[in-house]
$ cat target_2.txt   # compact mmCIF, C-alpha atoms and all ligand atoms
# COMPACT_ATOMS: atom_id res chain seq x y z
CA MET A 502 -26.89 36.27 -13.61
CA ALA A 503 -23.80 34.25 -14.44
CA ALA A 504 -22.56 31.72 -11.90
CA ASN A 505 -19.46 32.16 -9.79
CA ILE A 506 -16.62 30.17 -11.32
CA ILE A 507 -14.88 27.90 -8.81
CA ASP A 508 -11.22 28.34 -9.75
CA GLY A 509 -9.71 24.93 -9.01
CA LYS A 510 -6.30 25.99 -10.25
CA ALA A 511 -6.05 28.95 -7.86
CA ILE A 512 -7.37 26.91 -4.93
CA ALA A 513 -4.94 24.08 -5.72
CA ASP A 514 -2.02 26.56 -5.93
CA ARG A 515 -2.89 27.97 -2.52
CA ILE A 516 -3.07 24.52 -0.92
CA ARG A 517 0.24 23.51 -2.53
CA GLN A 518 1.85 26.62 -1.11
CA SER A 519 0.74 25.73 2.39
CA LEU A 520 1.90 22.11 1.85
CA LYS A 521 5.39 23.44 1.14
CA ASP A 522 5.42 24.97 4.62
CA ASP A 523 4.14 21.72 6.19
CA ILE A 524 6.89 19.77 4.44
CA GLN A 525 9.58 22.17 5.63
CA ARG A 526 8.28 21.91 9.20
CA LEU A 527 8.27 18.10 9.02
CA ASN A 528 11.81 18.15 7.75
CA ALA A 529 13.02 20.60 10.40
CA LYS A 530 11.31 18.73 13.24
CA LYS A 531 11.85 15.09 12.31
CA GLY A 532 14.31 15.10 9.40
CA ILE A 533 11.70 13.45 7.16
CA VAL A 534 11.27 14.19 3.45
CA PRO A 535 7.89 12.83 2.30
CA GLY A 536 8.32 10.27 -0.48
CA LEU A 537 5.87 9.07 -3.12
CA THR A 538 6.64 6.06 -5.30
CA VAL A 539 4.56 5.56 -8.43
CA ILE A 540 4.51 2.30 -10.38
CA LEU A 541 3.69 2.63 -14.06
CA VAL A 542 3.14 -0.55 -16.05
CA GLY A 543 3.39 -0.25 -19.83
CA LYS A 544 3.44 2.80 -22.05
CA ASP A 545 -0.15 4.07 -22.16
CA PRO A 546 0.27 7.71 -23.34
CA ALA A 547 -2.43 9.14 -21.03
CA SER A 548 -0.97 7.33 -18.00
CA GLN A 549 2.50 8.59 -18.92
CA VAL A 550 1.20 12.18 -18.90
CA TYR A 551 -0.57 11.68 -15.54
CA VAL A 552 2.57 10.20 -13.99
CA ARG A 553 4.76 12.99 -15.32
CA ASN A 554 2.34 15.58 -13.88
CA LYS A 555 2.44 13.84 -10.50
CA GLU A 556 6.26 13.83 -10.54
CA ARG A 557 6.39 17.53 -11.39
CA ALA A 558 3.84 18.44 -8.70
CA CYS A 559 5.83 16.47 -6.08
CA MET A 560 9.04 18.23 -7.03
CA GLU A 561 7.42 21.66 -6.80
CA VAL A 562 6.29 21.19 -3.19
CA GLY A 563 9.34 19.26 -1.94
CA ILE A 564 8.10 15.66 -2.01
CA ARG A 565 10.70 13.11 -3.11
CA SER A 566 9.10 11.21 -5.97
CA LYS A 567 10.24 8.06 -7.71
CA VAL A 568 8.67 6.31 -10.69
CA ILE A 569 9.19 2.60 -11.24
CA TYR A 570 8.58 1.72 -14.88
CA MET A 571 7.57 -1.87 -15.53
CA ASP A 572 7.15 -3.64 -18.81
CA GLN A 573 3.63 -4.15 -20.22
CA GLY A 574 4.24 -7.90 -19.99
CA VAL A 575 5.41 -7.91 -16.35
CA SER A 576 4.05 -10.82 -14.35
CA GLN A 577 1.57 -10.17 -11.57
CA ASP A 578 3.95 -11.83 -9.15
CA ASP A 579 6.84 -9.50 -10.05
CA LEU A 580 4.55 -6.49 -9.61
CA LEU A 581 3.37 -7.77 -6.22
CA GLN A 582 7.00 -8.37 -5.13
CA GLU A 583 7.82 -4.75 -5.98
CA ILE A 584 4.88 -3.55 -3.88
CA TYR A 585 5.96 -5.75 -0.92
CA ARG A 586 9.43 -4.21 -1.20
CA LEU A 587 7.99 -0.66 -1.21
CA ASN A 588 5.79 -1.51 1.79
CA GLN A 589 9.09 -1.97 3.72
CA ASP A 590 10.94 0.98 2.16
CA LYS A 591 11.42 3.73 4.77
CA GLU A 592 11.78 6.46 2.15
CA THR A 593 8.44 5.61 0.52
CA HIS A 594 5.53 7.03 2.50
CA GLY A 595 2.99 6.76 -0.31
CA ILE A 596 2.60 4.08 -3.01
CA LEU A 597 0.53 4.64 -6.12
CA VAL A 598 0.04 2.06 -8.85
CA GLN A 599 -1.15 3.90 -11.94
CA LEU A 600 -4.36 2.42 -13.32
CA PRO A 601 -5.48 0.89 -15.62
CA LEU A 602 -3.25 -2.17 -15.49
CA PRO A 603 -2.82 -4.65 -18.37
CA SER A 604 -5.66 -7.18 -18.55
CA HIS A 605 -3.53 -10.16 -17.39
CA ILE A 606 -3.07 -8.47 -14.00
CA ASP A 607 -5.74 -8.62 -11.29
CA GLU A 608 -6.19 -4.99 -10.26
CA ALA A 609 -7.83 -5.87 -6.94
CA ALA A 610 -4.93 -8.17 -5.96
CA VAL A 611 -2.49 -5.34 -6.66
CA ILE A 612 -4.42 -2.74 -4.67
CA ASN A 613 -4.84 -5.23 -1.79
CA ALA A 614 -1.05 -5.70 -1.66
CA ILE A 615 -0.39 -2.04 -0.79
CA ASP A 616 0.15 -1.38 2.92
CA PRO A 617 -2.96 0.65 3.92
CA ARG A 618 -0.63 3.06 5.79
CA LYS A 619 0.87 3.95 2.39
CA ASP A 620 -2.39 3.88 0.42
CA VAL A 621 -2.39 7.56 -0.59
CA ASP A 622 -4.82 6.84 -3.46
CA GLY A 623 -7.39 5.65 -0.91
CA PHE A 624 -8.29 2.57 -2.99
CA HIS A 625 -7.45 -0.27 -0.56
CA PRO A 626 -10.57 -2.01 0.84
CA ILE A 627 -9.40 -1.24 4.40
CA THR A 628 -9.13 2.46 3.52
CA VAL A 629 -12.53 2.37 1.82
CA GLY A 630 -14.02 0.57 4.85
CA LYS A 631 -12.66 3.22 7.21
CA LEU A 632 -14.21 5.94 5.05
CA PHE A 633 -17.51 4.05 5.12
CA VAL A 634 -17.67 3.74 8.91
CA GLY A 635 -16.24 7.21 9.57
CA GLU A 636 -12.81 6.22 10.92
CA SER A 637 -9.89 8.46 10.04
CA GLY A 638 -7.77 7.37 7.08
CA PHE A 639 -6.83 8.50 3.60
CA GLU A 640 -9.63 9.97 1.55
CA PRO A 641 -9.48 9.24 -2.18
CA CYS A 642 -8.02 12.18 -4.08
CA THR A 643 -10.73 13.24 -6.53
CA PRO A 644 -13.60 13.09 -3.99
CA LYS A 645 -11.45 14.91 -1.43
CA GLY A 646 -10.79 17.61 -4.03
CA ILE A 647 -14.51 17.85 -4.82
CA ILE A 648 -15.45 18.37 -1.16
CA THR A 649 -12.76 21.04 -0.85
CA LEU A 650 -14.13 22.87 -3.91
CA ILE A 651 -17.70 22.75 -2.56
CA LYS A 652 -16.52 24.16 0.78
CA GLU A 653 -14.69 26.94 -1.05
CA THR A 654 -18.07 28.35 -2.15
CA GLY A 655 -18.69 29.23 1.50
CA GLN A 656 -22.12 27.55 1.31
CA ASP A 657 -23.24 25.09 4.00
CA ILE A 658 -23.40 21.49 2.84
CA SER A 659 -25.45 20.39 5.85
CA GLY A 660 -29.11 19.80 4.99
CA LYS A 661 -28.60 20.33 1.26
CA HIS A 662 -29.72 17.89 -1.39
CA ALA A 663 -26.61 16.55 -3.14
CA VAL A 664 -27.06 14.54 -6.33
CA ILE A 665 -24.16 12.54 -7.72
CA ILE A 666 -24.31 11.27 -11.28
CA GLY A 667 -21.98 8.27 -11.52
CA ARG A 668 -21.32 5.36 -9.17
CA SER A 669 -17.65 4.49 -9.76
CA ASN A 670 -15.42 3.26 -6.95
CA ILE A 671 -13.04 6.16 -7.62
CA VAL A 672 -15.52 9.08 -7.62
CA GLY A 673 -19.28 8.46 -7.32
CA LYS A 674 -19.41 6.04 -4.39
CA PRO A 675 -16.78 7.69 -2.16
CA VAL A 676 -17.98 11.26 -2.79
CA SER A 677 -21.50 10.21 -1.80
CA ILE A 678 -20.20 8.87 1.53
CA MET A 679 -18.20 12.06 2.10
CA LEU A 680 -21.20 14.29 1.36
CA LEU A 681 -23.27 12.19 3.73
CA LYS A 682 -20.62 12.77 6.41
CA GLU A 683 -21.11 16.51 5.77
CA ASN A 684 -24.83 15.98 6.51
CA ALA A 685 -26.08 16.39 2.96
CA THR A 686 -29.10 14.41 1.79
CA VAL A 687 -27.55 12.26 -0.91
CA THR A 688 -28.97 10.77 -4.10
CA ILE A 689 -26.79 8.63 -6.38
CA CYS A 690 -27.78 8.41 -10.04
CA HIS A 691 -26.31 6.16 -12.73
CA SER A 692 -26.87 4.89 -16.24
CA LYS A 693 -30.05 3.01 -15.26
CA THR A 694 -31.65 5.93 -13.37
CA SER A 695 -35.01 6.92 -14.80
CA ASN A 696 -35.98 10.59 -14.96
CA LEU A 697 -32.40 11.76 -14.51
CA LYS A 698 -33.40 15.29 -15.46
CA ASP A 699 -36.06 15.42 -12.71
CA VAL A 700 -33.65 14.17 -10.06
CA ALA A 701 -30.71 16.34 -11.12
CA SER A 702 -32.81 19.50 -11.32
CA ARG A 703 -33.72 19.12 -7.64
CA ALA A 704 -30.05 19.17 -6.56
CA ASP A 705 -28.61 22.01 -4.50
CA ILE A 706 -25.23 20.37 -5.13
CA LEU A 707 -24.75 18.44 -8.37
CA VAL A 708 -21.62 16.33 -8.87
CA VAL A 709 -21.36 15.05 -12.43
CA ALA A 710 -19.00 12.12 -13.01
CA MET A 711 -20.54 10.21 -15.89
CA GLY A 712 -17.82 10.45 -18.55
CA GLN A 713 -20.20 11.69 -21.27
CA PRO A 714 -18.88 14.88 -22.80
CA GLU A 715 -21.28 17.86 -22.58
CA PHE A 716 -24.29 15.75 -21.57
CA ILE A 717 -25.69 17.95 -18.79
CA ASP A 718 -27.27 21.18 -20.00
CA ASP A 719 -29.24 23.86 -18.13
CA GLU A 720 -32.42 21.74 -18.05
CA TYR A 721 -30.73 19.46 -15.50
CA ILE A 722 -29.87 22.33 -13.20
CA LYS A 723 -31.69 23.95 -10.30
CA GLU A 724 -31.36 27.74 -10.25
CA GLY A 725 -28.43 28.69 -8.02
CA ALA A 726 -27.03 25.14 -7.64
CA ILE A 727 -23.39 24.27 -7.03
CA VAL A 728 -22.25 22.27 -10.07
CA ILE A 729 -19.07 20.19 -9.94
CA ASP A 730 -17.98 18.78 -13.30
CA VAL A 731 -15.67 15.77 -12.94
CA GLY A 732 -15.72 14.86 -16.65
CA THR A 733 -12.51 14.89 -18.67
CA SER A 734 -13.12 13.60 -22.18
CA ARG A 735 -10.89 14.41 -25.12
CA VAL A 736 -12.98 15.58 -28.08
CA ASP A 737 -11.08 16.67 -31.20
CA GLY A 738 -8.00 17.15 -29.05
CA LYS A 739 -9.81 19.41 -26.56
CA LEU A 740 -10.64 18.56 -22.96
CA LYS A 741 -14.42 18.52 -22.38
CA GLY A 742 -16.40 18.16 -19.18
CA ASP A 743 -19.73 16.36 -18.75
CA VAL A 744 -21.50 19.73 -18.40
CA VAL A 745 -22.35 22.22 -21.16
CA PHE A 746 -20.55 25.02 -19.39
CA ASP A 747 -21.78 27.89 -21.61
CA LYS A 748 -25.44 27.04 -20.89
CA VAL A 749 -25.18 25.98 -17.25
CA VAL A 750 -23.12 29.01 -16.25
CA HIS A 751 -26.26 31.15 -16.68
CA LYS A 752 -28.36 29.07 -14.28
CA ALA A 753 -26.03 27.64 -11.62
CA GLY A 754 -24.85 29.62 -8.62
CA TRP A 755 -21.36 28.11 -8.76
CA ILE A 756 -19.65 25.98 -11.39
CA THR A 757 -16.26 24.36 -11.97
CA PRO A 758 -14.67 24.80 -15.40
CA VAL A 759 -12.97 22.03 -17.41
CA PRO A 760 -10.03 22.30 -17.49
CA GLY A 761 -9.15 24.19 -14.32
CA GLY A 762 -11.75 22.83 -11.90
CA VAL A 763 -11.53 19.36 -10.35
CA GLY A 764 -8.41 18.32 -12.31
CA PRO A 765 -5.80 20.44 -10.45
CA MET A 766 -7.34 19.40 -7.13
CA THR A 767 -6.84 15.66 -7.63
CA ILE A 768 -3.04 15.78 -7.72
CA THR A 769 -3.04 18.35 -4.92
CA MET A 770 -4.96 15.94 -2.68
CA LEU A 771 -2.47 13.20 -3.59
CA LEU A 772 0.32 15.50 -2.38
CA LYS A 773 -1.66 16.21 0.78
CA ASN A 774 -2.21 12.48 1.46
CA THR A 775 1.50 11.80 0.92
CA VAL A 776 2.42 14.47 3.47
CA GLN A 777 -0.17 12.98 5.86
CA ALA A 778 1.41 9.52 5.36
CA ALA A 779 4.85 10.94 6.12
CA TYR A 780 3.58 12.67 9.29
CA GLN A 781 2.01 9.41 10.45
CA SER A 782 5.09 7.31 9.61
CA GLU A 783 6.73 7.73 13.02
N1 LIG B 801 -5.61 6.46 -13.27
C1 LIG B 801 -6.43 7.50 -13.50
N2 LIG B 801 -6.68 8.17 -12.35
C2 LIG B 801 -6.01 7.50 -11.38
C3 LIG B 801 -5.87 7.71 -9.97
O1 LIG B 801 -6.43 8.62 -9.37
N3 LIG B 801 -5.08 6.82 -9.32
C4 LIG B 801 -4.46 5.80 -9.95
N4 LIG B 801 -3.71 4.97 -9.22
N5 LIG B 801 -4.57 5.58 -11.25
C5 LIG B 801 -5.34 6.43 -11.95
$ encode --input "target_2.txt" --output "C-alpha cells" --more "lines below"
Ligand code: GUN
Amino acid sequence: MAANIIDGKAIADRIRQSLKDDIQRLNAKKGIVPGLTVILVGKDPASQVYVRNKERACMEVGIRSKVIYMDQGVSQDDLLQEIYRLNQDKETHGILVQLPLPSHIDEAAVINAIDPRKDVDGFHPITVGKLFVGESGFEPCTPKGIITLIKETGQDISGKHAVIIGRSNIVGKPVSIMLLKENATVTICHSKTSNLKDVASRADILVVAMGQPEFIDDEYIKEGAIVIDVGTSRVDGKLKGDVVFDKVVHKAGWITPVPGGVGPMTITMLLKNTVQAAYQSE
C-alpha cells in the first residue's frame, strides 16, 4: 500500500492562518507589530531567493519585515555594529543573519553577537544550550518544523526508534535532542557510520538530512516507517530530496515530498518564533 503523504504546504498554510490571528490579538492587546530584521551579506542567488521568500511570508501574516543588504566586502566589525544596533531596536523582535557569510567573516562571532532574546533562528550557543538542558527558548526552525510534521501523522513518538541521518548544527543535532525530549530512542548516523542500511531500516521514524540527492531507497526503510526528507538539492534545475520518493512511497507508512514537505515548514517556524519573540518582548 502506498504511504500517506505528509502535506507540508497544507500544514504550513494552516499554521500561518492561526499566526495571523495571534498577531492581530497581540496588536489589539499591546499595540505591538512583530518585526523581523534579516541581514543579507553579498549577492548569493540562493540566499537572495530565501530572503525574498521570508519577506513575502512575513508580509502575508502581518509581520513587519526589513532586510538590510550589506556589501560582500563588508568588514566583520561593521556587521557586528549593525547587530548591536538591532539588539537595541524596539521594532526588531527577531534578527536573522542569512548564512553562509563570506569567508573573511567569523560566522560564530556574528551569531554570538545576536541578543538571545531575538535569536529566532535558534543558532546562538545560549539558545542551543537551553534546548540541550530542556529550558524553554527558541527552537531552530527546520527541526521544529520536522517535529510538527511527525506529530501531524497522529502517531506517538514516545518509545519509537528515531534514526537521524546527518549531524549538522542546523538539523541533525538539534532534531535528535528534540526527538529525545519526545521520548524517542534516538540514533544519529553520519558519513562515517558503518552499515547505514541496517541502522536506517530499523527506524520507526527516519529523518534524512544528508544532502545527497536520491540516496535513500526502499532498502533503507522499515515497512510502515515515518520518513522525513530534509534534502533540497538542485539537479538539472529540479529540486530533489535525499529520498527516492517513488520507491520509498510503497514501503513507508508516511512520507514528506520534496518540494512541499519540510521546506514550507521552515519559514513558518521562523514566523512562529518571531511572534513568540514579540510576545516575550514586554
Ligand atoms: N541559510 C540557509 N538556511 C538558513 C537558515 O535557516 N537560517 C539562516 N540564518 N541562514 C540560512
$ residues_near_ligand --input "target_2.txt" --ligand "ligand LIG 801 (chain B)" --cutoff "6 Å" --atoms "only C-alpha atoms and all ligand atoms" --output "count of residues only"
5
$ closest_atom_pairs --input "target_2.txt" --of "stretch 604-642 of chain A" --to "stretch 679-691 of chain A" --cutoff "9 Å" --atoms "all atoms listed in the file" --output "JSON lines"
{"residue": "A:Leu632", "atom": "CA", "partner": "A:Met679", "partner_atom": "CA", "distance": 7.9}
{"residue": "A:Phe633", "atom": "CA", "partner": "A:Met679", "partner_atom": "CA", "distance": 8.6}
{"residue": "A:Gly635", "atom": "CA", "partner": "A:Lys682", "partner_atom": "CA", "distance": 7.8}
{"residue": "A:Glu640", "atom": "CA", "partner": "A:Met679", "partner_atom": "CA", "distance": 8.8}
$ residues_around --input "target_2.txt" --residues "A:Ile671" --least-positions-apart "5" --cutoff "8 Å" --atoms "all atoms listed in the file" --output "MDAnalysis selection string"
chainID A and resid 624 641 643:644
$ residues_around --input "target_2.txt" --residues "A:Ile665" --least-positions-apart "3" --cutoff "9 Å" --atoms "only C-alpha atoms" --output "short mmCIF file (atom, residue, chain, number, x, y, z; two decimals) with C-alpha atoms, keeping the file's coordinate frame"
data_model
loop_
_atom_site.label_atom_id
_atom_site.label_comp_id
_atom_site.auth_asym_id
_atom_site.auth_seq_id
_atom_site.Cartn_x
_atom_site.Cartn_y
_atom_site.Cartn_z
CA ARG A 668 -21.32 5.36 -9.17
CA GLY A 673 -19.28 8.46 -7.32
CA LYS A 674 -19.41 6.04 -4.39
CA VAL A 676 -17.98 11.26 -2.79
CA SER A 677 -21.50 10.21 -1.80
CA VAL A 687 -27.55 12.26 -0.91
CA THR A 688 -28.97 10.77 -4.10
CA ILE A 689 -26.79 8.63 -6.38
CA CYS A 690 -27.78 8.41 -10.04
CA HIS A 691 -26.31 6.16 -12.73
CA ALA A 701 -30.71 16.34 -11.12
CA ALA A 704 -30.05 19.17 -6.56
CA ILE A 706 -25.23 20.37 -5.13
CA LEU A 707 -24.75 18.44 -8.37
CA VAL A 708 -21.62 16.33 -8.87
CA VAL A 709 -21.36 15.05 -12.43
CA ALA A 710 -19.00 12.12 -13.01
#
$ closest_atom_pairs --input "target_2.txt" --of "stretch 573-624 of chain A" --to "stretch 526-534 of chain A" --cutoff "12 Å" --atoms "only C-alpha atoms" --output "tab-separated table"
residue	atom	partner	partner_atom	distance
A:Lys591	CA	A:Ile533	CA	10.0
A:Glu592	CA	A:Val534	CA	7.9
A:Thr593	CA	A:Val534	CA	9.5
A:His594	CA	A:Val534	CA	9.2
A:Gly595	CA	A:Val534	CA	11.7
$ atom_distance --input "target_2.txt" --atom1 "atom CA of A:Met770" --atom2 "atom CA of A:Ile678"
17.3 Å
$ closest_residue --input "target_2.txt" --among "A:Val745, A:Ala753, A:Leu650, A:Val700" --to "A:Ile516" --atoms "all atoms listed in the file"
A:Leu650
$ atom_distance --input "target_2.txt" --atom1 "atom CA of A:Pro760" --atom2 "atom CA of A:Thr775"
24.1 Å
$ atom_distance --input "target_2.txt" --atom1 "atom CA of A:Phe716" --atom2 "atom CA of A:Ala663"
18.6 Å
$ closest_residue --input "target_2.txt" --among "A:Val552, A:Lys661, A:Pro603, A:Val672" --to "A:Lys645" --atoms "all atoms listed in the file"
A:Val672
$ residues_around --input "target_2.txt" --residues "A:Asn613" --least-positions-apart "4" --cutoff "9 Å" --atoms "only C-alpha atoms" --output "list in words"
Glu608, Ala609, Pro617, Phe624, His625, Pro626 and Ile627 of chain A
$ closest_residue --input "target_2.txt" --among "A:Asp616, A:Arg553, A:Val542, A:Phe639" --to "A:Met571" --atoms "only C-alpha atoms"
A:Val542
$ closest_residue --input "target_2.txt" --among "A:Gly536, A:Gly660, A:Gly646, A:Gly638" --to "A:Gly762" --atoms "only C-alpha atoms"
A:Gly646
